[in-house]
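Raw protein_8.pdb, PDB, C-alpha atoms, pLDDT in the B column:
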```
ATOM      1  CA  MET A   1      89.360 -66.075   1.121  1.00 73.00           C
ATOM      2  CA  LYS A   2      86.031 -66.698   2.738  1.00 83.00           C
ATOM      3  CA  THR A   3      87.083 -68.181   6.053  1.00 95.00           C
ATOM      4  CA  LYS A   4      89.262 -67.028   8.919  1.00 96.00           C
ATOM      5  CA  ARG A   5      91.244 -70.264   8.636  1.00 96.00           C
ATOM      6  CA  GLU A   6      92.050 -69.604   4.982  1.00 97.00           C
ATOM      7  CA  ARG A   7      93.209 -66.100   5.812  1.00 98.00           C
ATOM      8  CA  ALA A   8      95.319 -67.363   8.701  1.00 98.00           C
ATOM      9  CA  GLU A   9      97.035 -69.942   6.502  1.00 98.00           C
ATOM     10  CA  TYR A  10      97.770 -67.357   3.818  1.00 98.00           C
ATOM     11  CA  VAL A  11      99.167 -64.885   6.355  1.00 98.00           C
ATOM     12  CA  ALA A  12     101.480 -67.500   7.875  1.00 98.00           C
ATOM     13  CA  ALA A  13     102.718 -68.622   4.456  1.00 98.00           C
ATOM     14  CA  LYS A  14     103.354 -65.050   3.307  1.00 98.00           C
ATOM     15  CA  LEU A  15     105.189 -64.136   6.488  1.00 98.00           C
ATOM     16  CA  ASP A  16     107.326 -67.280   6.206  1.00 98.00           C
ATOM     17  CA  GLU A  17     108.163 -66.286   2.646  1.00 98.00           C
ATOM     18  CA  LEU A  18     109.188 -62.784   3.706  1.00 98.00           C
ATOM     19  CA  TYR A  19     110.883 -63.662   6.994  1.00 98.00           C
ATOM     20  CA  PRO A  20     112.149 -67.272   6.999  1.00 96.00           C
ATOM     21  CA  GLU A  21     114.578 -66.306   9.748  1.00 95.00           C
ATOM     22  CA  ILE A  22     113.460 -63.680  12.230  1.00 94.00           C
ATOM     23  CA  PRO A  23     115.710 -62.440  15.052  1.00 93.00           C
ATOM     24  CA  ILE A  24     114.536 -60.897  18.300  1.00 95.00           C
ATOM     25  CA  PRO A  25     114.922 -57.144  17.719  1.00 95.00           C
ATOM     26  CA  LEU A  26     115.962 -56.330  21.296  1.00 97.00           C
ATOM     27  CA  ASP A  27     119.612 -56.957  22.130  1.00 97.00           C
ATOM     28  CA  HIS A  28     120.040 -59.112  25.228  1.00 98.00           C
ATOM     29  CA  THR A  29     122.170 -61.901  26.665  1.00 98.00           C
ATOM     30  CA  ASP A  30     119.835 -63.675  29.075  1.00 98.00           C
ATOM     31  CA  ALA A  31     116.367 -63.612  30.641  1.00 98.00           C
ATOM     32  CA  PHE A  32     117.135 -60.656  32.906  1.00 98.00           C
ATOM     33  CA  THR A  33     118.558 -58.391  30.205  1.00 98.00           C
ATOM     34  CA  LEU A  34     115.642 -59.350  27.944  1.00 98.00           C
ATOM     35  CA  LEU A  35     113.181 -58.485  30.720  1.00 98.00           C
ATOM     36  CA  VAL A  36     114.762 -55.055  31.185  1.00 98.00           C
ATOM     37  CA  ALA A  37     114.909 -54.410  27.425  1.00 98.00           C
ATOM     38  CA  VAL A  38     111.247 -55.317  26.939  1.00 97.00           C
ATOM     39  CA  LEU A  39     110.242 -53.119  29.874  1.00 97.00           C
ATOM     40  CA  LEU A  40     112.148 -50.237  28.276  1.00 97.00           C
ATOM     41  CA  SER A  41     110.491 -50.789  24.894  1.00 95.00           C
ATOM     42  CA  ALA A  42     107.093 -49.513  26.073  1.00 91.00           C
ATOM     43  CA  GLN A  43     106.457 -46.144  24.398  1.00 88.00           C
ATOM     44  CA  CYS A  44     109.907 -46.438  22.827  1.00 93.00           C
ATOM     45  CA  THR A  45     111.377 -47.948  19.675  1.00 93.00           C
ATOM     46  CA  ASP A  46     113.499 -51.090  19.775  1.00 95.00           C
ATOM     47  CA  LYS A  47     116.254 -49.125  18.052  1.00 96.00           C
ATOM     48  CA  ARG A  48     116.314 -46.589  20.868  1.00 97.00           C
ATOM     49  CA  VAL A  49     116.331 -49.351  23.484  1.00 98.00           C
ATOM     50  CA  ASN A  50     119.307 -50.993  21.795  1.00 98.00           C
ATOM     51  CA  LEU A  51     121.137 -47.669  21.914  1.00 98.00           C
ATOM     52  CA  VAL A  52     120.704 -47.197  25.663  1.00 97.00           C
ATOM     53  CA  THR A  53     121.030 -50.724  27.050  1.00 98.00           C
ATOM     54  CA  PRO A  54     124.782 -51.197  26.363  1.00 98.00           C
ATOM     55  CA  ALA A  55     125.670 -48.421  28.834  1.00 97.00           C
ATOM     56  CA  LEU A  56     123.141 -49.695  31.362  1.00 98.00           C
ATOM     57  CA  PHE A  57     124.237 -53.324  31.122  1.00 98.00           C
ATOM     58  CA  ALA A  58     127.903 -52.304  31.300  1.00 98.00           C
ATOM     59  CA  LYS A  59     127.093 -50.978  34.771  1.00 98.00           C
ATOM     60  CA  ALA A  60     124.736 -53.776  35.773  1.00 98.00           C
ATOM     61  CA  SER A  61     123.743 -56.891  33.845  1.00 98.00           C
ATOM     62  CA  THR A  62     122.388 -58.937  36.753  1.00 98.00           C
ATOM     63  CA  PRO A  63     119.661 -58.240  39.327  1.00 98.00           C
ATOM     64  CA  GLN A  64     122.292 -58.222  42.075  1.00 98.00           C
ATOM     65  CA  GLU A  65     124.253 -55.491  40.293  1.00 98.00           C
ATOM     66  CA  MET A  66     121.171 -53.533  39.173  1.00 98.00           C
ATOM     67  CA  MET A  67     119.663 -53.305  42.658  1.00 98.00           C
ATOM     68  CA  LYS A  68     122.814 -51.590  43.873  1.00 98.00           C
ATOM     69  CA  LEU A  69     122.425 -48.759  41.367  1.00 98.00           C
ATOM     70  CA  SER A  70     120.405 -45.747  42.411  1.00 97.00           C
ATOM     71  CA  VAL A  71     117.334 -44.785  40.433  1.00 98.00           C
ATOM     72  CA  GLU A  72     119.275 -41.729  39.289  1.00 98.00           C
ATOM     73  CA  GLU A  73     122.125 -43.867  37.941  1.00 98.00           C
ATOM     74  CA  ILE A  74     119.696 -46.024  35.994  1.00 98.00           C
ATOM     75  CA  LEU A  75     117.859 -42.954  34.729  1.00 98.00           C
ATOM     76  CA  GLU A  76     121.109 -41.450  33.479  1.00 97.00           C
ATOM     77  CA  CYS A  77     121.494 -44.408  31.110  1.00 97.00           C
ATOM     78  CA  ILE A  78     117.894 -44.604  29.884  1.00 98.00           C
ATOM     79  CA  GLN A  79     116.737 -40.982  29.960  1.00 96.00           C
ATOM     80  CA  THR A  80     116.174 -40.821  26.190  1.00 96.00           C
ATOM     81  CA  CYS A  81     113.535 -43.574  26.430  1.00 95.00           C
ATOM     82  CA  GLY A  82     109.907 -42.610  26.879  1.00 90.00           C
ATOM     83  CA  LEU A  83     108.588 -42.708  30.456  1.00 95.00           C
ATOM     84  CA  ALA A  84     112.178 -42.975  31.682  1.00 97.00           C
ATOM     85  CA  ASN A  85     111.539 -41.855  35.262  1.00 97.00           C
ATOM     86  CA  GLY A  86     109.001 -44.571  35.951  1.00 98.00           C
ATOM     87  CA  LYS A  87     111.041 -47.181  34.115  1.00 98.00           C
ATOM     88  CA  ALA A  88     114.147 -46.413  36.176  1.00 98.00           C
ATOM     89  CA  LYS A  89     112.189 -46.906  39.397  1.00 98.00           C
ATOM     90  CA  ASN A  90     110.638 -50.128  38.132  1.00 98.00           C
ATOM     91  CA  ILE A  91     113.967 -51.585  36.998  1.00 98.00           C
ATOM     92  CA  GLN A  92     115.557 -50.850  40.357  1.00 98.00           C
ATOM     93  CA  ARG A  93     112.664 -52.275  42.344  1.00 98.00           C
ATOM     94  CA  LEU A  94     112.117 -55.388  40.201  1.00 98.00           C
ATOM     95  CA  SER A  95     115.824 -56.162  40.539  1.00 98.00           C
ATOM     96  CA  GLU A  96     115.439 -56.012  44.315  1.00 98.00           C
ATOM     97  CA  MET A  97     112.411 -58.301  44.124  1.00 98.00           C
ATOM     98  CA  LEU A  98     114.230 -60.821  41.944  1.00 98.00           C
ATOM     99  CA  VAL A  99     117.012 -61.065  44.514  1.00 98.00           C
ATOM    100  CA  GLU A 100     114.695 -61.069  47.526  1.00 98.00           C
ATOM    101  CA  LYS A 101     112.109 -63.545  46.226  1.00 98.00           C
ATOM    102  CA  TYR A 102     113.801 -65.583  43.491  1.00 98.00           C
ATOM    103  CA  ASP A 103     117.530 -65.693  44.379  1.00 97.00           C
ATOM    104  CA  GLY A 104     118.294 -63.376  41.478  1.00 97.00           C
ATOM    105  CA  GLU A 105     116.614 -65.566  38.872  1.00 98.00           C
ATOM    106  CA  VAL A 106     113.841 -64.421  36.532  1.00 98.00           C
ATOM    107  CA  PRO A 107     110.739 -66.494  37.407  1.00 98.00           C
ATOM    108  CA  ARG A 108     109.145 -68.738  34.810  1.00 97.00           C
ATOM    109  CA  THR A 109     105.429 -68.217  35.395  1.00 97.00           C
ATOM    110  CA  PHE A 110     103.120 -65.496  34.156  1.00 97.00           C
ATOM    111  CA  GLU A 111     101.799 -64.860  37.657  1.00 97.00           C
ATOM    112  CA  GLN A 112     105.234 -64.278  39.142  1.00 98.00           C
ATOM    113  CA  LEU A 113     106.455 -62.153  36.248  1.00 98.00           C
ATOM    114  CA  GLU A 114     103.358 -59.967  36.281  1.00 97.00           C
ATOM    115  CA  GLU A 115     103.867 -59.224  39.977  1.00 98.00           C
ATOM    116  CA  LEU A 116     107.103 -57.402  39.121  1.00 98.00           C
ATOM    117  CA  PRO A 117     106.942 -53.594  38.825  1.00 97.00           C
ATOM    118  CA  GLY A 118     106.337 -52.414  35.267  1.00 96.00           C
ATOM    119  CA  VAL A 119     105.741 -55.927  33.928  1.00 97.00           C
ATOM    120  CA  GLY A 120     102.372 -56.491  32.281  1.00 95.00           C
ATOM    121  CA  HIS A 121     101.047 -59.525  30.444  1.00 96.00           C
ATOM    122  CA  LYS A 122     102.630 -58.601  27.116  1.00 95.00           C
ATOM    123  CA  THR A 123     106.092 -58.121  28.659  1.00 97.00           C
ATOM    124  CA  ALA A 124     105.724 -61.375  30.585  1.00 98.00           C
ATOM    125  CA  SER A 125     104.695 -63.164  27.383  1.00 97.00           C
ATOM    126  CA  VAL A 126     107.793 -61.942  25.546  1.00 97.00           C
ATOM    127  CA  VAL A 127     110.063 -63.210  28.318  1.00 98.00           C
ATOM    128  CA  MET A 128     108.244 -66.530  28.577  1.00 98.00           C
ATOM    129  CA  ILE A 129     108.399 -67.323  24.868  1.00 97.00           C
ATOM    130  CA  HIS A 130     111.808 -65.885  23.947  1.00 97.00           C
ATOM    131  CA  ALA A 131     113.814 -66.538  27.110  1.00 97.00           C
ATOM    132  CA  PHE A 132     112.256 -69.789  28.296  1.00 98.00           C
ATOM    133  CA  LYS A 133     110.550 -71.154  25.151  1.00 96.00           C
ATOM    134  CA  ILE A 134     107.306 -71.548  27.103  1.00 97.00           C
ATOM    135  CA  PRO A 135     104.363 -71.089  24.682  1.00 96.00           C
ATOM    136  CA  ALA A 136     103.017 -67.536  24.601  1.00 97.00           C
ATOM    137  CA  PHE A 137     101.777 -65.173  21.896  1.00 97.00           C
ATOM    138  CA  PRO A 138     102.642 -61.605  22.929  1.00 96.00           C
ATOM    139  CA  VAL A 139     100.061 -59.222  21.465  1.00 95.00           C
ATOM    140  CA  ASP A 140     100.577 -55.477  21.549  1.00 91.00           C
ATOM    141  CA  THR A 141      98.482 -52.735  19.963  1.00 89.00           C
ATOM    142  CA  HIS A 142     100.259 -53.215  16.617  1.00 90.00           C
ATOM    143  CA  ILE A 143      99.567 -56.953  16.354  1.00 96.00           C
ATOM    144  CA  HIS A 144      96.018 -56.240  17.560  1.00 96.00           C
ATOM    145  CA  ARG A 145      95.572 -53.831  14.631  1.00 95.00           C
ATOM    146  CA  LEU A 146      97.041 -56.193  12.023  1.00 97.00           C
ATOM    147  CA  ALA A 147      95.010 -59.197  13.152  1.00 97.00           C
ATOM    148  CA  GLN A 148      91.836 -57.150  12.751  1.00 97.00           C
ATOM    149  CA  ARG A 149      92.838 -55.765   9.364  1.00 97.00           C
ATOM    150  CA  TRP A 150      93.534 -59.272   8.119  1.00 98.00           C
ATOM    151  CA  GLY A 151      90.266 -60.704   9.389  1.00 97.00           C
ATOM    152  CA  LEU A 152      91.854 -62.997  11.977  1.00 98.00           C
ATOM    153  CA  THR A 153      89.910 -61.538  14.899  1.00 96.00           C
ATOM    154  CA  GLN A 154      87.233 -59.055  15.815  1.00 93.00           C
ATOM    155  CA  GLY A 155      88.922 -58.579  19.155  1.00 89.00           C
ATOM    156  CA  LYS A 156      87.764 -55.604  21.174  1.00 91.00           C
ATOM    157  CA  ASN A 157      91.020 -55.728  23.126  1.00 93.00           C
ATOM    158  CA  VAL A 158      94.436 -57.393  23.047  1.00 93.00           C
ATOM    159  CA  VAL A 159      93.266 -60.161  25.390  1.00 94.00           C
ATOM    160  CA  GLN A 160      90.605 -61.343  22.962  1.00 96.00           C
ATOM    161  CA  THR A 161      92.932 -60.951  19.988  1.00 97.00           C
ATOM    162  CA  GLU A 162      95.584 -63.043  21.727  1.00 97.00           C
ATOM    163  CA  ALA A 163      93.057 -65.796  22.417  1.00 97.00           C
ATOM    164  CA  ASP A 164      91.845 -65.777  18.805  1.00 97.00           C
ATOM    165  CA  LEU A 165      95.371 -65.980  17.364  1.00 98.00           C
ATOM    166  CA  LYS A 166      96.247 -68.857  19.675  1.00 98.00           C
ATOM    167  CA  LYS A 167      93.256 -70.778  18.336  1.00 97.00           C
ATOM    168  CA  LEU A 168      94.310 -70.195  14.728  1.00 98.00           C
ATOM    169  CA  TYR A 169      97.979 -71.150  15.006  1.00 98.00           C
ATOM    170  CA  PRO A 170      99.828 -74.075  16.654  1.00 98.00           C
ATOM    171  CA  ALA A 171     101.798 -73.224  19.796  1.00 98.00           C
ATOM    172  CA  GLU A 172     105.115 -74.125  18.168  1.00 97.00           C
ATOM    173  CA  ASP A 173     104.627 -71.234  15.717  1.00 97.00           C
ATOM    174  CA  TRP A 174     103.698 -68.512  18.210  1.00 98.00           C
ATOM    175  CA  GLU A 175     107.235 -67.257  18.847  1.00 97.00           C
ATOM    176  CA  LYS A 176     108.017 -66.907  15.151  1.00 97.00           C
ATOM    177  CA  LEU A 177     104.641 -65.419  14.233  1.00 98.00           C
ATOM    178  CA  HIS A 178     104.826 -62.807  16.982  1.00 97.00           C
ATOM    179  CA  LEU A 179     108.084 -61.494  15.510  1.00 97.00           C
ATOM    180  CA  GLN A 180     106.878 -61.817  11.912  1.00 98.00           C
ATOM    181  CA  PHE A 181     103.691 -59.842  12.601  1.00 98.00           C
ATOM    182  CA  ILE A 182     105.680 -57.053  14.246  1.00 95.00           C
ATOM    183  CA  THR A 183     108.258 -56.863  11.460  1.00 96.00           C
ATOM    184  CA  TYR A 184     105.687 -56.863   8.658  1.00 97.00           C
ATOM    185  CA  GLY A 185     103.644 -54.249  10.486  1.00 96.00           C
ATOM    186  CA  ARG A 186     106.629 -51.952  10.752  1.00 93.00           C
ATOM    187  CA  GLU A 187     107.667 -52.416   7.143  1.00 95.00           C
ATOM    188  CA  PHE A 188     104.400 -52.631   5.218  1.00 97.00           C
ATOM    189  CA  CYS A 189     101.278 -52.301   7.339  1.00 97.00           C
ATOM    190  CA  THR A 190     101.918 -49.312   9.555  1.00 94.00           C
ATOM    191  CA  ALA A 191      99.186 -47.472  11.425  1.00 90.00           C
ATOM    192  CA  ARG A 192      99.300 -44.539   8.997  1.00 91.00           C
ATOM    193  CA  GLY A 193     100.882 -46.066   5.906  1.00 93.00           C
ATOM    194  CA  CYS A 194      98.212 -48.720   5.396  1.00 96.00           C
ATOM    195  CA  ASP A 195      94.510 -48.327   6.130  1.00 94.00           C
ATOM    196  CA  GLY A 196      93.594 -51.927   5.416  1.00 96.00           C
ATOM    197  CA  THR A 197      93.574 -51.457   1.641  1.00 96.00           C
ATOM    198  CA  VAL A 198      97.243 -50.785   0.795  1.00 96.00           C
ATOM    199  CA  CYS A 199      99.704 -53.533   1.774  1.00 97.00           C
ATOM    200  CA  GLU A 200      99.839 -56.909   0.031  1.00 98.00           C
ATOM    201  CA  ILE A 201      98.375 -58.929   2.882  1.00 98.00           C
ATOM    202  CA  CYS A 202      95.472 -56.529   3.381  1.00 98.00           C
ATOM    203  CA  ARG A 203      94.714 -56.495  -0.342  1.00 97.00           C
ATOM    204  CA  THR A 204      94.941 -60.274  -0.627  1.00 97.00           C
ATOM    205  CA  THR A 205      92.869 -61.141   2.432  1.00 97.00           C
ATOM    206  CA  HIS A 206      90.231 -58.527   1.572  1.00 96.00           C
ATOM    207  CA  PRO A 207      90.351 -57.829  -2.190  1.00 95.00           C
ATOM    208  CA  ASN A 208      86.886 -56.265  -2.196  1.00 95.00           C
ATOM    209  CA  ARG A 209      87.546 -53.830   0.639  1.00 95.00           C
ATOM    210  CA  LYS A 210      87.103 -50.330  -0.794  1.00 93.00           C
ATOM    211  CA  LYS A 211      87.046 -48.132   2.282  1.00 95.00           C
ATOM    212  CA  PRO A 212      89.660 -47.705   4.996  1.00 95.00           C
ATOM    213  CA  PHE A 213      89.265 -50.303   7.721  1.00 94.00           C
ATOM    214  CA  VAL A 214      88.718 -48.938  11.218  1.00 91.00           C
ATOM    215  CA  ALA A 215      90.109 -51.318  13.808  1.00 88.00           C
ATOM    216  CA  ASN A 216      88.852 -51.607  17.369  1.00 89.00           C
ATOM    217  CA  LYS A 217      91.291 -49.853  19.635  1.00 85.00           C
ATOM    218  CA  ALA A 218      93.069 -52.031  22.156  1.00 75.00           C
TER     219      ALA A 218
END
```
Re-express the file's structure as structure tokens.
Amino acid sequence: MKTKRERAEYVAAKLDELYPEIPIPLDHTDAFTLLVAVLLSAQCTDKRVNLVTPALFAKASTPQEMMKLSVEEILECIQTCGLANGKAKNIQRLSEMLVEKYDGEVPRTFEQLEELPGVGHKTASVVMIHAFKIPAFPVDTHIHRLAQRWGLTQGKNVVQTEADLKKLYPAEDWEKLHLQFITYGREFCTARGCDGTVCEICRTTHPNRKKPFVANKA
């Protein structure tokens, strides 16, 4: 595979073969619960998030209910997640902001989402694409690593990698590909389990690669 386009087409076909149906790994019921779950997933596994959110959402599943909880009450539910103290404060404050500024609705623009406490571009992208079906390609450090290993980008950061992936794939495939990349990375192309020479996609896209591939850090 000599060109980036050829590699991109192979990757998409292989991921479709492996994951023809791909669910969102974070349990949620609407845009607000998805927003909270994605915020909690930073420095934390999706499995852990799904263990703590039922108790939290049983207490408060809307911004109006969440803003009435104290930071301590929120923390009690999420304390096993990484960075729990900061996340509890952010969840309480963003709930207040949603009620004060948006009548309790999650806004549908990147600018408005990224103004909320604890919400960066990646979190906003996840909400935009999965909750509202507005085209976005959420790129975290894991997708950044895979895209480099597979020769889809030479991105020095997640911003550049996101831009490169958007150029390679049609917008209607971004939601699916985002989830497929993540799932394959967790199963076959982990940070330590594959060095760019082990998994099937790495070996197929770069059959002559002999040394471990060192990706640019995000």
Show me the residues around (115.1, -52.2, 35.5) - criterion: an atom at most 12 Å away, only C-alpha atoms counted - as a ChimeraX atom specification. /A:32-41,53,56-57,60-75,77-78,84-98,116-119
Target residues per the PyMOL selection byres ((chain A and resi 43) around 9), formatted as JSON, numbers by chain: {"A": [40, 41, 42, 44, 45, 81, 82, 83]}
Keeping only C-alpha atoms, write the selected residues to a file as a tab-separated table (two decimals), in the frame of the given file.
```
chain	number	residue	atom	x	y	z
A	40	LEU	CA	112.15	-50.24	28.28
A	41	SER	CA	110.49	-50.79	24.89
A	42	ALA	CA	107.09	-49.51	26.07
A	44	CYS	CA	109.91	-46.44	22.83
A	45	THR	CA	111.38	-47.95	19.68
A	81	CYS	CA	113.54	-43.57	26.43
A	82	GLY	CA	109.91	-42.61	26.88
A	83	LEU	CA	108.59	-42.71	30.46
```
Near Thr190 of chain A, counting only C-alpha atoms, which residues have an atom at most 9 Å away, once you skip same-chain residues fewer than 6 positions from it, shown as a PyMOL selection string? chain A and resi 142+146+184
Where does the PyMOL selection byres ((chain A and resi 165-169) around 12) land in this file, that is, which residues does it pick, as a ChimeraX atom specification? /A:3-13,135-139,143-144,146-148,150-155,158-164,170-178,181
To box segment 27-41 of chain A, take all atoms listed in the file, fit an axis-aligned box, add 6 Å on each side, and give centre and edge lengths in Å to one decimal, as JSON.
```
{"center_x": 116.2, "center_y": -57.0, "center_z": 27.5, "size_x": 23.9, "size_y": 25.4, "size_z": 22.8}
```
Near Ile22 of chain A, counting only C-alpha atoms, which residues have an atom at most 9 Å away, once you skip same-chain residues fewer than 4 positions from it, shown as a PDB file with C-alpha atoms, keeping the file's coordinate frame?
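Saved file result_32.pdb follows:
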```pdb
ATOM      1  CA  LYS A 176     108.017 -66.907  15.151  1.00 97.00           C
ATOM      2  CA  LEU A 179     108.084 -61.494  15.510  1.00 97.00           C
ATOM      3  CA  GLN A 180     106.878 -61.817  11.912  1.00 98.00           C
ATOM      4  CA  THR A 183     108.258 -56.863  11.460  1.00 96.00           C
TER       5      THR A 183
END
```
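What the PyMOL selection byres ((chain A and resi 50) around 10) picks from this file is Pro25, Leu26, Asp27, His28, Ala37, Leu40, Ser41, Thr45, Asp46, Lys47, Arg48, Val49, Leu51, Val52, Thr53, Pro54 and Ala55 of chain A.
Residues with any atom within 7 Å of segment 197-212 of chain A, counting all atoms listed in the file and excluding same-chain neighbours fewer than 2 positions away, are Met1, Arg7, Val11, Arg149, Trp150, Phe188, Cys189, Cys194, Asp195 and Val214 of chain A.
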Mind dumping the selected residues with C-alpha atoms as a PDB file, in the frame of the given file?
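Saved file selection21.pdb follows:
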```pdb
ATOM      1  CA  MET A   1      89.360 -66.075   1.121  1.00 73.00           C
ATOM      2  CA  ARG A   7      93.209 -66.100   5.812  1.00 98.00           C
ATOM      3  CA  VAL A  11      99.167 -64.885   6.355  1.00 98.00           C
ATOM      4  CA  ARG A 149      92.838 -55.765   9.364  1.00 97.00           C
ATOM      5  CA  TRP A 150      93.534 -59.272   8.119  1.00 98.00           C
ATOM      6  CA  PHE A 188     104.400 -52.631   5.218  1.00 97.00           C
ATOM      7  CA  CYS A 189     101.278 -52.301   7.339  1.00 97.00           C
ATOM      8  CA  CYS A 194      98.212 -48.720   5.396  1.00 96.00           C
ATOM      9  CA  ASP A 195      94.510 -48.327   6.130  1.00 94.00           C
ATOM     10  CA  VAL A 214      88.718 -48.938  11.218  1.00 91.00           C
TER      11      VAL A 214
END
```
Taking into account only C-alpha atoms, which residue in the set A:Met128, A:Glu187, A:Gln112, A:Asn157 is nearest to Leu18 of chain A? A:Glu187
Radius query 7 Å about (101.1, -57.0, 26.2), atoms used: only C-alpha atoms, as a PyMOL selection string: chain A and resi 120-123+138-140
Could the residues in this selection be written to a file with C-alpha atoms, as a PDB file, in the coordinates of the input?
```pdb
ATOM      1  CA  GLY A 120     102.372 -56.491  32.281  1.00 95.00           C
ATOM      2  CA  HIS A 121     101.047 -59.525  30.444  1.00 96.00           C
ATOM      3  CA  LYS A 122     102.630 -58.601  27.116  1.00 95.00           C
ATOM      4  CA  THR A 123     106.092 -58.121  28.659  1.00 97.00           C
ATOM      5  CA  PRO A 138     102.642 -61.605  22.929  1.00 96.00           C
ATOM      6  CA  VAL A 139     100.061 -59.222  21.465  1.00 95.00           C
ATOM      7  CA  ASP A 140     100.577 -55.477  21.549  1.00 91.00           C
TER       8      ASP A 140
END
```
Work out how far apart atom CA of Tyr19 of chain A and atom CA of Phe213 of chain A are and give it in Å to one decimal. 25.4 Å
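Interatomic distance, atom CA of His130 of chain A against atom CA of Ala218 of chain A: 23.4 Å.
Note that the spacing between atom CA of Asp16 of chain A and atom CA of Ala124 of chain A amounts to 25.1 Å.
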Write only C-alpha atoms for segment 158-178 of chain A from the block just shown, as a compact mmCIF listing (two decimals), in the first residue's frame.
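Just written: out_33.txt:
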```txt
# COMPACT_ATOMS: atom_id res chain seq x y z
CA VAL A 158 -4.82 15.42 17.91
CA VAL A 159 -6.00 18.56 16.09
CA GLN A 160 -3.91 17.78 13.02
CA THR A 161 -4.80 14.09 13.17
CA GLU A 162 -8.50 14.94 13.30
CA ALA A 163 -8.17 17.19 10.26
CA ASP A 164 -6.28 14.50 8.32
CA LEU A 165 -8.84 11.79 9.10
CA LYS A 166 -11.70 14.05 8.06
CA LYS A 167 -10.03 14.53 4.69
CA LEU A 168 -9.64 10.78 4.19
CA TYR A 169 -13.16 9.68 5.11
CA PRO A 170 -16.65 10.96 4.18
CA ALA A 171 -18.55 12.73 6.97
CA GLU A 172 -21.28 10.08 7.02
CA ASP A 173 -18.69 7.52 8.19
CA TRP A 174 -17.08 9.55 10.98
CA GLU A 175 -19.38 8.36 13.77
CA LYS A 176 -18.88 4.70 12.93
CA LEU A 177 -15.14 5.00 12.32
CA HIS A 178 -14.55 6.81 15.60
```
